[in-house]
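Trainee: What follows is coords-v1.cif, mmCIF, C-alpha atoms and all ligand atoms.
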```cif
data_model
#
loop_
_atom_site.label_atom_id
_atom_site.label_comp_id
_atom_site.auth_asym_id
_atom_site.auth_seq_id
_atom_site.Cartn_x
_atom_site.Cartn_y
_atom_site.Cartn_z
CA MET A 29 47.56 -50.70 -21.21
CA ALA A 30 44.68 -51.80 -23.39
CA ALA A 31 42.47 -52.14 -20.29
CA SER A 32 43.17 -48.61 -19.03
CA ARG A 33 42.49 -47.19 -22.52
CA ALA A 34 39.16 -49.05 -22.52
CA ARG A 35 38.38 -47.52 -19.11
CA LEU A 36 39.27 -44.10 -20.48
CA TYR A 37 36.88 -44.61 -23.42
CA LEU A 38 34.23 -45.77 -20.98
CA PHE A 39 34.60 -42.65 -18.80
CA PHE A 40 34.62 -40.44 -21.86
CA GLY A 41 31.50 -42.16 -23.17
CA LEU A 42 29.74 -41.77 -19.82
CA PHE A 43 30.73 -38.11 -19.69
CA VAL A 44 29.28 -37.46 -23.17
CA PHE A 45 26.12 -39.40 -22.23
CA ALA A 46 25.71 -37.32 -19.06
CA LEU A 47 26.18 -34.14 -21.06
CA ILE A 48 23.46 -35.18 -23.50
CA LEU A 49 21.19 -36.19 -20.64
CA PHE A 50 21.53 -33.03 -18.59
CA TYR A 51 22.17 -30.42 -21.25
CA PRO A 52 19.26 -27.93 -21.35
CA THR A 53 16.93 -28.70 -24.22
CA GLY A 54 16.84 -25.10 -25.29
CA LYS A 55 13.28 -24.72 -24.08
CA VAL A 56 13.40 -21.58 -22.04
CA VAL A 57 10.02 -22.47 -20.62
CA THR A 58 11.30 -25.65 -18.98
CA ARG A 59 14.31 -23.91 -17.53
CA THR A 60 12.23 -21.04 -16.25
CA TYR A 61 9.74 -23.42 -14.72
CA ARG A 62 12.47 -25.27 -12.78
CA GLU A 63 14.01 -22.01 -11.72
CA TYR A 64 10.78 -20.62 -10.39
CA THR A 65 9.40 -23.73 -8.77
CA ALA A 66 12.64 -24.08 -6.84
CA TYR A 67 11.91 -20.67 -5.37
CA SER A 68 9.27 -20.59 -2.69
CA ASN A 69 8.04 -17.15 -1.95
CA THR A 70 6.12 -17.57 1.26
CA GLY A 71 8.66 -15.72 3.38
CA ASN A 72 9.37 -12.60 1.36
CA ARG A 73 6.34 -12.48 -0.90
CA PRO A 74 5.23 -9.03 -2.05
CA ASN A 75 2.49 -7.56 0.10
CA GLY A 76 -0.38 -8.53 -2.15
CA VAL A 77 -3.87 -9.99 -2.05
CA ILE A 78 -6.19 -11.62 -4.55
CA PHE A 79 -9.73 -10.35 -4.27
CA MET A 80 -13.02 -11.27 -5.82
CA LEU A 81 -16.54 -9.91 -5.73
CA MET A 82 -18.97 -12.76 -5.35
CA PRO A 83 -22.77 -12.71 -5.33
CA PRO A 84 -24.47 -15.66 -3.55
CA SER A 85 -25.61 -17.03 -6.91
CA ARG A 86 -21.99 -17.47 -8.00
CA VAL A 87 -20.48 -19.18 -4.98
CA HIS A 88 -19.97 -22.45 -6.81
CA GLN A 89 -18.45 -20.61 -9.77
CA ALA A 90 -16.12 -18.83 -7.35
CA GLN A 91 -15.07 -22.15 -5.82
CA LEU A 92 -14.09 -23.45 -9.25
CA ALA A 93 -12.16 -20.26 -9.96
CA LEU A 94 -10.35 -20.44 -6.61
CA LEU A 95 -9.44 -24.09 -7.16
CA ASN A 96 -8.09 -23.21 -10.60
CA VAL A 97 -6.04 -20.31 -9.19
CA GLU A 98 -4.69 -22.54 -6.40
CA ASN A 99 -3.76 -25.30 -8.85
CA ARG A 100 -2.16 -23.01 -11.38
CA PHE A 101 -0.01 -20.94 -9.02
CA ASN A 102 -1.32 -19.86 -5.67
CA ARG A 103 -0.80 -23.04 -3.69
CA ARG A 104 2.85 -22.19 -4.25
CA LEU A 105 2.70 -18.40 -3.95
CA GLN A 106 0.21 -18.45 -1.06
CA TYR A 107 -1.38 -15.06 -1.58
CA PRO A 108 -4.35 -14.48 0.74
CA TYR A 109 -7.83 -13.90 -0.68
CA VAL A 110 -10.51 -11.39 0.18
CA LEU A 111 -13.98 -12.39 -1.01
CA PHE A 112 -16.31 -9.41 -1.17
CA MET A 113 -20.03 -9.80 -0.76
CA VAL A 114 -22.65 -7.14 -0.21
CA GLU A 115 -23.51 -6.79 3.52
CA ASP A 116 -26.02 -9.53 4.38
CA GLU A 117 -25.14 -11.68 1.35
CA ILE A 118 -22.44 -13.36 3.44
CA ASN A 119 -25.18 -14.92 5.60
CA GLN A 120 -26.60 -16.55 2.50
CA VAL A 121 -23.47 -18.64 1.99
CA SER A 122 -23.91 -22.00 3.69
CA ASP A 123 -21.43 -23.33 6.21
CA GLU A 124 -20.77 -26.17 3.83
CA ASP A 125 -19.74 -23.75 1.06
CA LYS A 126 -17.61 -21.74 3.49
CA GLU A 127 -15.86 -24.97 4.51
CA LYS A 128 -15.21 -25.85 0.88
CA ILE A 129 -13.67 -22.44 0.27
CA ASN A 130 -11.60 -22.88 3.38
CA TRP A 131 -10.36 -26.24 2.18
CA ILE A 132 -9.63 -25.09 -1.37
CA THR A 133 -7.67 -22.06 -0.19
CA GLN A 134 -5.98 -23.76 2.76
CA GLY A 135 -7.64 -21.24 5.06
CA ARG A 136 -6.30 -18.20 3.24
CA ALA A 137 -9.67 -16.68 2.28
CA THR A 138 -11.60 -14.17 4.34
CA PHE A 139 -15.02 -12.76 3.58
CA ALA A 140 -15.52 -9.00 3.58
CA ALA A 141 -18.82 -7.16 3.57
CA VAL A 142 -19.33 -4.31 1.11
CA PRO A 143 -21.47 -1.81 3.03
CA TYR A 144 -24.72 -0.69 1.43
CA GLU A 145 -23.43 2.87 1.24
CA SER A 146 -20.75 1.63 -1.20
CA TRP A 147 -23.29 -0.34 -3.19
CA ASN A 148 -26.74 1.19 -3.25
CA VAL A 149 -27.77 4.08 -5.47
CA PRO A 150 -26.53 7.24 -3.69
CA ASP A 151 -29.15 9.69 -2.42
CA PHE A 152 -28.32 12.43 -4.91
CA TYR A 153 -29.62 10.32 -7.80
CA ASP A 154 -33.09 10.91 -9.20
CA LYS A 155 -34.59 7.43 -8.71
CA SER A 156 -37.13 7.76 -11.52
CA LYS A 157 -34.37 8.56 -14.00
CA VAL A 158 -32.45 5.51 -12.78
CA GLU A 159 -35.55 3.34 -13.21
CA GLU A 160 -36.05 4.64 -16.74
CA SER A 161 -32.49 3.85 -17.76
CA LEU A 162 -32.85 0.27 -16.53
CA HIS A 163 -35.44 -0.11 -19.29
CA THR A 164 -33.70 1.87 -22.02
CA ILE A 165 -30.10 0.72 -21.48
CA GLY A 166 -30.52 -2.52 -19.53
CA PHE A 167 -28.10 -4.01 -16.97
CA SER A 168 -29.29 -4.54 -13.43
CA LEU A 169 -28.73 -2.25 -10.47
CA GLY A 170 -26.40 -4.94 -9.06
CA TYR A 171 -24.27 -4.89 -12.20
CA ARG A 172 -24.09 -1.10 -12.15
CA ALA A 173 -23.23 -1.12 -8.45
CA MET A 174 -20.45 -3.61 -9.24
CA CYS A 175 -19.08 -1.24 -11.91
CA ARG A 176 -19.15 1.68 -9.46
CA PHE A 177 -17.53 -0.36 -6.69
CA TYR A 178 -14.70 -1.42 -9.01
CA SER A 179 -14.33 2.09 -10.43
CA GLY A 180 -13.59 3.92 -7.23
CA LEU A 181 -14.41 2.11 -4.02
CA PHE A 182 -12.77 -1.31 -3.81
CA TRP A 183 -9.31 -0.05 -2.86
CA ARG A 184 -10.74 2.04 0.02
CA HIS A 185 -12.32 -0.99 1.70
CA PRO A 186 -10.73 -1.76 5.11
CA ALA A 187 -10.26 -5.42 4.11
CA LEU A 188 -7.63 -4.31 1.58
CA ALA A 189 -6.02 -1.65 3.78
CA GLN A 190 -3.00 -3.72 4.77
CA TYR A 191 -2.02 -4.63 1.20
CA ASP A 192 0.02 -2.75 -1.40
CA TRP A 193 -0.73 -4.94 -4.41
CA LEU A 194 -4.35 -5.61 -5.28
CA TRP A 195 -5.06 -8.45 -7.67
CA ARG A 196 -8.60 -8.57 -8.93
CA LEU A 197 -10.02 -11.77 -10.35
CA ASP A 198 -13.63 -12.45 -11.19
CA THR A 199 -15.62 -15.56 -10.42
CA ASP A 200 -16.03 -16.45 -14.10
CA ILE A 201 -12.40 -16.95 -15.06
CA GLU A 202 -9.93 -19.70 -15.81
CA PHE A 203 -6.16 -19.98 -16.17
CA HIS A 204 -5.28 -22.54 -18.85
CA CYS A 205 -1.55 -22.45 -18.04
CA ASP A 206 0.50 -23.11 -14.96
CA VAL A 207 2.10 -19.90 -13.79
CA PRO A 208 5.60 -20.78 -12.65
CA TYR A 209 6.54 -17.32 -11.45
CA ASP A 210 5.03 -14.58 -9.33
CA PRO A 211 3.14 -12.06 -11.51
CA ILE A 212 3.29 -9.38 -8.81
CA GLN A 213 7.04 -9.83 -8.49
CA ARG A 214 7.28 -9.55 -12.26
CA LEU A 215 5.57 -6.14 -12.08
CA ILE A 216 7.95 -5.06 -9.33
CA ASP A 217 10.97 -6.22 -11.35
CA ALA A 218 9.69 -4.28 -14.37
CA ASN A 219 9.00 -1.13 -12.34
CA ALA A 220 5.39 -1.39 -13.41
CA LEU A 221 2.32 -0.53 -11.35
CA VAL A 222 -0.45 -2.26 -13.26
CA GLY A 223 -0.68 -5.66 -14.94
CA PHE A 224 -3.30 -6.86 -17.38
CA VAL A 225 -3.80 -9.59 -19.95
CA GLN A 226 -6.02 -8.34 -22.72
CA ILE A 227 -7.27 -5.12 -24.20
CA ASN A 228 -10.78 -4.85 -25.53
CA PRO A 229 -12.86 -2.06 -26.98
CA ASP A 230 -15.96 -1.21 -24.95
CA ALA A 231 -19.42 -0.27 -26.18
CA ASP A 232 -20.54 3.35 -26.08
CA PHE A 233 -24.34 2.93 -26.25
CA VAL A 234 -24.41 1.89 -22.57
CA GLN A 235 -22.32 4.91 -21.57
CA PRO A 236 -23.09 7.62 -24.14
CA THR A 237 -21.87 10.57 -22.06
CA LEU A 238 -18.84 9.00 -20.34
CA SER A 239 -16.17 10.20 -22.75
CA GLY A 240 -17.56 13.76 -22.80
CA ASN A 241 -17.47 13.88 -19.01
CA VAL A 242 -13.89 12.58 -18.95
CA SER A 243 -12.90 15.28 -21.42
CA GLN A 244 -14.45 17.97 -19.22
CA PHE A 245 -12.61 16.61 -16.21
CA LEU A 246 -9.31 16.77 -18.12
CA ALA A 247 -9.92 20.41 -19.07
CA GLN A 248 -10.84 21.41 -15.52
CA ASN A 249 -7.89 19.62 -13.94
CA ALA A 250 -5.08 20.30 -16.38
CA HIS A 251 -2.88 21.40 -13.48
CA LEU A 252 -2.99 17.87 -12.02
CA LEU A 253 -2.05 16.02 -15.21
CA PRO A 254 1.51 14.71 -15.45
CA SER A 255 3.35 15.54 -18.65
CA HIS A 256 4.14 11.89 -19.44
CA ALA A 257 0.53 10.67 -19.57
CA ASN A 258 -0.51 8.10 -22.14
CA HIS A 259 -3.61 9.83 -23.52
CA GLY A 260 -3.15 8.13 -26.89
CA PHE A 261 -4.50 4.87 -25.48
CA VAL A 262 -7.97 6.27 -24.99
CA TRP A 263 -8.22 9.19 -27.42
CA ASN A 264 -7.94 8.99 -31.20
CA GLY A 265 -4.77 10.57 -32.51
CA ARG A 266 -3.25 13.96 -31.86
CA GLU A 267 -6.45 15.76 -32.73
CA GLY A 268 -8.48 13.58 -30.37
CA ILE A 269 -6.06 14.23 -27.52
CA GLU A 270 -6.08 17.97 -28.12
CA LYS A 271 -9.86 18.13 -28.11
CA ALA A 272 -10.01 15.91 -25.01
CA LEU A 273 -7.65 18.18 -23.10
CA LYS A 274 -9.75 21.22 -24.05
CA GLY A 275 -12.96 19.58 -22.81
CA GLU A 276 -14.36 19.28 -26.33
CA ALA A 277 -14.08 15.54 -26.99
CA GLY A 278 -16.84 12.94 -27.04
CA ASN A 279 -17.42 9.50 -28.47
CA HIS A 280 -16.00 10.46 -31.86
CA GLU A 281 -12.61 11.03 -30.26
CA TRP A 282 -12.77 8.09 -27.83
CA SER A 283 -10.78 5.01 -28.90
CA ARG A 284 -12.97 2.82 -26.62
CA MET A 285 -9.88 0.86 -25.62
CA THR A 286 -9.87 -0.73 -22.19
CA PHE A 287 -7.73 -3.10 -20.20
CA TYR A 288 -10.04 -6.05 -19.77
CA ASN A 289 -9.98 -5.76 -16.01
CA ASN A 290 -11.57 -8.98 -14.78
CA PHE A 291 -7.85 -9.71 -14.37
CA GLU A 292 -6.11 -6.65 -13.00
CA ILE A 293 -3.11 -6.34 -10.73
CA SER A 294 -2.56 -2.85 -9.45
CA HIS A 295 -0.41 -1.09 -6.94
CA LYS A 296 -2.76 0.73 -4.61
CA SER A 297 -1.02 4.04 -5.24
CA VAL A 298 -2.49 4.26 -8.75
CA TRP A 299 -5.96 4.69 -7.24
CA GLU A 300 -5.02 6.52 -4.05
CA ASN A 301 -3.51 9.53 -5.75
CA GLU A 302 -5.29 12.88 -5.83
CA LEU A 303 -5.87 12.80 -9.58
CA TYR A 304 -7.67 9.45 -9.66
CA LYS A 305 -9.69 10.18 -6.53
CA LYS A 306 -10.87 13.50 -7.99
CA PHE A 307 -11.58 11.78 -11.27
CA PHE A 308 -13.83 9.18 -9.64
CA ASP A 309 -15.63 11.76 -7.50
CA PHE A 310 -16.25 13.89 -10.59
CA LEU A 311 -17.74 10.94 -12.49
CA ASP A 312 -19.78 9.84 -9.49
CA ARG A 313 -21.37 13.29 -9.15
CA ALA A 314 -22.07 13.30 -12.90
CA GLY A 315 -24.39 10.36 -12.26
CA GLY A 316 -23.52 8.01 -15.10
CA PHE A 317 -23.05 4.94 -12.92
CA PHE A 318 -26.82 4.65 -12.54
CA TYR A 319 -28.32 7.00 -15.17
CA GLU A 320 -26.29 5.09 -17.73
CA ARG A 321 -24.14 1.98 -17.32
CA TRP A 322 -20.69 3.43 -16.99
CA SER A 323 -18.26 0.60 -16.68
CA ASP A 324 -15.17 0.22 -14.55
CA ALA A 325 -13.00 -1.02 -17.44
CA PRO A 326 -13.10 2.22 -19.50
CA ILE A 327 -12.95 4.31 -16.33
CA HIS A 328 -9.76 2.53 -15.26
CA ALA A 329 -8.39 2.95 -18.78
CA PHE A 330 -9.14 6.69 -18.80
CA GLY A 331 -7.74 7.09 -15.29
CA LEU A 332 -4.53 5.16 -15.94
CA ALA A 333 -3.98 6.80 -19.31
CA MET A 334 -4.09 10.25 -17.74
CA SER A 335 -1.82 9.36 -14.82
CA LEU A 336 0.74 6.70 -15.80
CA ARG A 337 3.47 6.31 -18.36
CA LYS A 338 2.90 3.57 -20.90
CA GLU A 339 5.77 1.45 -19.55
CA GLN A 340 4.24 1.43 -16.07
CA ILE A 341 1.52 -0.87 -17.37
CA LEU A 342 2.58 -4.40 -18.18
CA GLN A 343 0.84 -6.99 -20.31
CA PHE A 344 1.03 -10.68 -19.40
CA THR A 345 0.95 -12.92 -22.44
CA ASP A 346 1.87 -16.32 -21.00
CA LEU A 347 -0.96 -17.07 -18.59
CA GLY A 348 -3.59 -18.58 -20.87
CA TYR A 349 -6.08 -16.51 -18.93
CA GLN A 350 -9.70 -16.56 -20.01
CA HIS A 351 -12.80 -14.70 -18.99
CA GLN A 352 -15.26 -17.54 -19.48
CA GLY A 353 -16.96 -17.67 -22.80
CA TRP A 354 -14.69 -15.07 -24.38
CA ALA A 355 -11.83 -15.41 -26.83
CA TYR A 356 -8.37 -15.55 -25.29
CA GLU A 357 -4.86 -16.32 -26.36
CA CYS A 358 -3.41 -19.74 -25.71
CA PRO A 359 0.38 -19.44 -25.39
CA LYS A 360 2.47 -22.06 -27.18
CA LEU A 361 3.97 -23.44 -23.97
CA ASP A 362 4.28 -26.92 -22.46
CA ARG A 363 2.59 -25.75 -19.29
CA CYS A 364 -0.67 -24.78 -21.01
CA THR A 365 -3.53 -27.22 -21.51
CA CYS A 366 -5.40 -25.05 -23.98
CA LYS A 367 -5.04 -25.44 -27.71
CA TYR A 368 -2.64 -23.05 -29.36
CA ASP A 369 -3.84 -21.41 -32.54
CA GLU A 370 -1.91 -19.23 -34.88
CA GLU A 371 -3.60 -16.00 -33.83
CA PRO A 372 -0.92 -13.53 -32.84
CA ALA A 373 -1.01 -12.14 -29.32
CA ARG A 374 -2.96 -8.94 -29.13
CA GLY A 375 -0.40 -6.45 -27.97
CA PHE A 376 -0.74 -3.30 -25.97
CA TYR A 377 -0.95 -0.78 -28.73
CA ASP A 378 -2.26 2.70 -28.54
CA ASN A 379 -3.33 5.32 -31.00
CA ALA A 380 -0.72 7.85 -30.07
CA PRO A 381 0.87 9.61 -33.03
CA ALA A 382 4.45 8.48 -33.64
N1 LIG A 401 -22.01 -9.21 -5.00
C1 LIG A 401 -22.25 -9.07 -6.31
N2 LIG A 401 -21.27 -9.37 -7.17
C2 LIG A 401 -21.52 -9.22 -8.50
C3 LIG A 401 -22.78 -8.77 -8.98
N3 LIG A 401 -22.72 -8.71 -10.34
C4 LIG A 401 -21.50 -9.15 -10.66
N4 LIG A 401 -20.76 -9.48 -9.57
C5 LIG A 401 -19.39 -9.98 -9.53
O1 LIG A 401 -18.57 -8.99 -10.14
C6 LIG A 401 -17.67 -9.56 -11.07
C7 LIG A 401 -17.96 -9.07 -12.47
O2 LIG A 401 -19.30 -9.41 -12.81
P1 LIG A 401 -19.71 -10.08 -14.21
O3 LIG A 401 -21.19 -10.28 -14.19
O4 LIG A 401 -18.86 -11.26 -14.48
O5 LIG A 401 -19.39 -8.88 -15.17
P2 LIG A 401 -18.88 -8.94 -16.68
O6 LIG A 401 -17.67 -9.83 -16.73
O7 LIG A 401 -18.76 -7.54 -17.12
O8 LIG A 401 -20.08 -9.58 -17.44
P3 LIG A 401 -20.30 -11.08 -17.98
O9 LIG A 401 -20.13 -10.97 -19.44
O10 LIG A 401 -21.68 -11.41 -17.53
O11 LIG A 401 -19.28 -11.98 -17.34
C8 LIG A 401 -17.81 -11.09 -10.94
O12 LIG A 401 -16.84 -11.56 -10.03
C9 LIG A 401 -19.20 -11.26 -10.38
O13 LIG A 401 -19.31 -12.43 -9.61
C10 LIG A 401 -23.81 -8.47 -8.01
O14 LIG A 401 -24.92 -8.07 -8.35
N5 LIG A 401 -23.48 -8.64 -6.70
MG MG A 402 -17.61 -11.77 -16.10
#
```
Give the structure from the file, written as structure tokens.
Ligand SMILES: Nc1nc2c(ncn2[C@@H]2O[C@H](COP(=O)(O)OP(=O)(O)OP(=O)(O)O)[C@@H](O)[C@H]2O)c(=O)[nH]1
Ligand SMILES: [Mg+2]

Mentor:
Amino acid sequence: MAASRARLYLFFGLFVFALILFYPTGKVVTRTYREYTAYSNTGNRPNGVIFMLMPPSRVHQAQLALLNVENRFNRRLQYPYVLFMVEDEINQVSDEDKEKINWITQGRATFAAVPYESWNVPDFYDKSKVEESLHTIGFSLGYRAMCRFYSGLFWRHPALAQYDWLWRLDTDIEFHCDVPYDPIQRLIDANALVGFVQINPDADFVQPTLSGNVSQFLAQNAHLLPSHANHGFVWNGREGIEKALKGEAGNHEWSRMTFYNNFEISHKSVWENELYKKFFDFLDRAGGFFYERWSDAPIHAFGLAMSLRKEQILQFTDLGYQHQGWAYECPKLDRCTCKYDEEPARGFYDNAPA
């Protein structure tokens, strides 16, 4: 009798011990991590690609970025990569570097040539005016070509034709956290079409006439604008929006807010639609990509604000993503190796009147 009671106590004790041992610690992060790492997405992964524009001078930087991306999530998710280089730049990459990229990415990277016609200054530009602006505003022709390519040309490149989800990363980036889920799948689950990490204001002295041109485009194409647009992200208040829609706004009305798009996941449809295509063509003809230094970040922000609802754009706050040398948020999570500070996450706010 006494022996069987002792056995009962022993079993009970073991049961309680097992409960303590296996009971979730309450850290959602740990649970989520287990959940997601158990799930391998190679079979039914969303139809996405990670792409990068890479000049020959930044091949080593790109290798470090690719290794970081592989280590943090993509060795598990297995998204392919497209590495864009301008036409003959690909020949400048040594076989040794190509092999390294091949090894880092387990053979999932392909190089794609950006044709000169998508890169060089178009014929309709006055070359002397372009030359002058290089001295007054600064920024190289290559940088300006990069901004133009990312504003309206990247998604038309044949190398991206087979993909629905386009994930841009730059060569000078780093993820400080493991990413135990699939960010593209998270967008799909949230019914969102664009994902970003940070918002930043952009400078106007390098693009003094951009906002005025956008305003004129809005006035001329009112019939194409959806009623749900999120103009308040890029224009200051109700008055700013009204002026913008009438073609009367300029830098005074521009909020300067941009999605910092060196990390940008987008569904191709946000660029392929008639409104965005017309918008890019309008800006291209206006000449600011080379007469000034119009940047792709504000152009994407203007374009997305006029075409998408706010909830179709999702902010990621748990990636510990950094554009090198710039401030970023370190999430307070076990899976991040950066140092958390008390700065609150910078949310996706806009200036829209309540
Ligand atoms: N092929 C090519 N790629 C470029 C050129 N300039 C920039 N890139 C790439 O385009 C992306 C953005 O360029 P960055 O120079 O980092 O632009 P940024 O982030 O606005 O400026 P930084 O503050 O210098 O980082 C990076 O992936 C670069 O490697 C260029 O002249 N040729
Ligand atoms: Mg950069």

Trainee: Can you tell me which residues come within 12 Å of ligand MG 402 (chain A) when counting only C-alpha atoms and all ligand atoms, ideally as a ChimeraX atom specification?

Mentor: /A:80-83,86,89-90,93,171,174-175,196-202,288-291,325,350-354

Trainee: I'd like to know which of A:Phe43, A:Trp322, A:Trp195, A:Phe344 is closest to A:Arg176, using all atoms listed in the file.

Mentor: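 When distances to A:Arg176 are compared using all atoms listed in the file, the smallest one comes from A:Trp322.
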
Trainee: Fewer than 4 positions away in the same chain doesn't count, so skip those; otherwise give me all residues within 10 Å of A:Asp192, counting all atoms listed in the file, as a VMD selection string.

Mentor: chain A and resid 74 to 77 183 188 294 to 297

Trainee: Restricting it to C-alpha atoms, dump the selection as a tab-separated table (two decimals), in the frame of the given file.

Mentor:
```tsv
chain	number	residue	atom	x	y	z
A	74	PRO	CA	5.23	-9.03	-2.05
A	75	ASN	CA	2.49	-7.56	0.10
A	76	GLY	CA	-0.38	-8.53	-2.15
A	77	VAL	CA	-3.87	-9.99	-2.05
A	183	TRP	CA	-9.31	-0.05	-2.86
A	188	LEU	CA	-7.63	-4.31	1.58
A	294	SER	CA	-2.56	-2.85	-9.45
A	295	HIS	CA	-0.41	-1.09	-6.94
A	296	LYS	CA	-2.76	0.73	-4.61
A	297	SER	CA	-1.02	4.04	-5.24
```

Trainee: So how far away is atom CA of A:Leu342 from atom CA of A:Val222, in Å?

Mentor: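 Going from atom CA of A:Val222 over to atom CA of A:Leu342 covers 6.2 Å.
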
Trainee: Find the distance between atom CA of A:Asn258 and atom CA of A:Phe177 and write it in Å to one decimal.

Mentor: 24.5 Å

Trainee: Measuring between only C-alpha atoms and all ligand atoms, which one of A:Ser255, A:Ser168, A:Ser146, A:Thr138 shows the shortest distance to ligand LIG 401 (chain A)?

Mentor: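 Of A:Ser255, A:Ser168, A:Ser146, A:Thr138, the one nearest ligand LIG 401 (chain A), counting only C-alpha atoms and all ligand atoms, is A:Ser168.
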
Trainee: Taking all atoms of ligand LIG 401 (chain A) that the file lists, what box with edges along x, y and z, padded by 8 Å per side, do you get, with centre and edge lengths in Å to one decimal, as JSON?

Mentor:
```
{"center_x": -20.9, "center_y": -10.0, "center_z": -12.2, "size_x": 24.1, "size_y": 20.9, "size_z": 30.4}
```

Trainee: What does the distance from atom CA of A:Leu194 to atom CA of A:Leu311 come to in Å, to one decimal?

Mentor: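 If I compute the distance from atom CA of A:Leu194 to atom CA of A:Leu311, I get 22.5 Å.
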
Trainee: How close does each residue of stretch 327-350 of chain A get to stretch 263-271 of chain A, giving the shortest atom pair and distance in Å to one decimal for every residue with an atom at most 12 Å away, counting all atoms listed in the file, sorted by chain and residue number, as JSON lines?

Mentor:
```
{"residue": "A:Ala329", "atom": "CA", "partner": "A:Trp263", "partner_atom": "CA", "distance": 10.7}
{"residue": "A:Phe330", "atom": "CA", "partner": "A:Trp263", "partner_atom": "CA", "distance": 9.0}
{"residue": "A:Ala333", "atom": "CA", "partner": "A:Trp263", "partner_atom": "CA", "distance": 9.5}
{"residue": "A:Met334", "atom": "CA", "partner": "A:Trp263", "partner_atom": "CA", "distance": 10.6}
```

Trainee: Just want the 6 Å neighbourhood of stretch 229-244 of chain A, counted on all atoms listed in the file, with same-chain residues fewer than 6 positions away dropped. Output as a list in words.

Mentor: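 Contacts, in chain order: Ile165, Ala272, Gly275, Ala277, Gly278, Asn279, Arg284, Met285, Thr286, Glu320, Arg321 and Trp322 of chain A.
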
Trainee: Out of A:Asp324, A:Cys205, A:Asp346, A:Phe224, which residue has the shortest atom-to-atom distance to A:Arg363 when counting all atoms listed in the file?

Mentor: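 Closest residue, counting all atoms listed in the file: A:Cys205.
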
Trainee: Name the closest residue to ligand LIG 401 (chain A) among the candidates A:Leu105, A:Val149, A:Ala187, A:Ile118; distances are taken between atoms, counting all atoms listed in the file.

Mentor: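 Ranking A:Leu105, A:Val149, A:Ala187, A:Ile118 by distance to ligand LIG 401 (chain A), first place goes to A:Ile118.
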
Trainee: Kindly indicate which residue among A:Asn99, A:Ser323, A:Asn219, A:Gln91 lies nearest to ligand LIG 401 (chain A), using all atoms listed in the file for the distances.

Mentor: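 Nearest to ligand LIG 401 (chain A): A:Ser323.
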
Trainee: Given all atoms listed in the file as the basis, pick out the residue of A:Gly331, A:Pro143, A:Gly223, A:Gly170 nearest to A:Phe245.

Mentor: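 Among the listed residues, A:Gly331 lies closest to A:Phe245.
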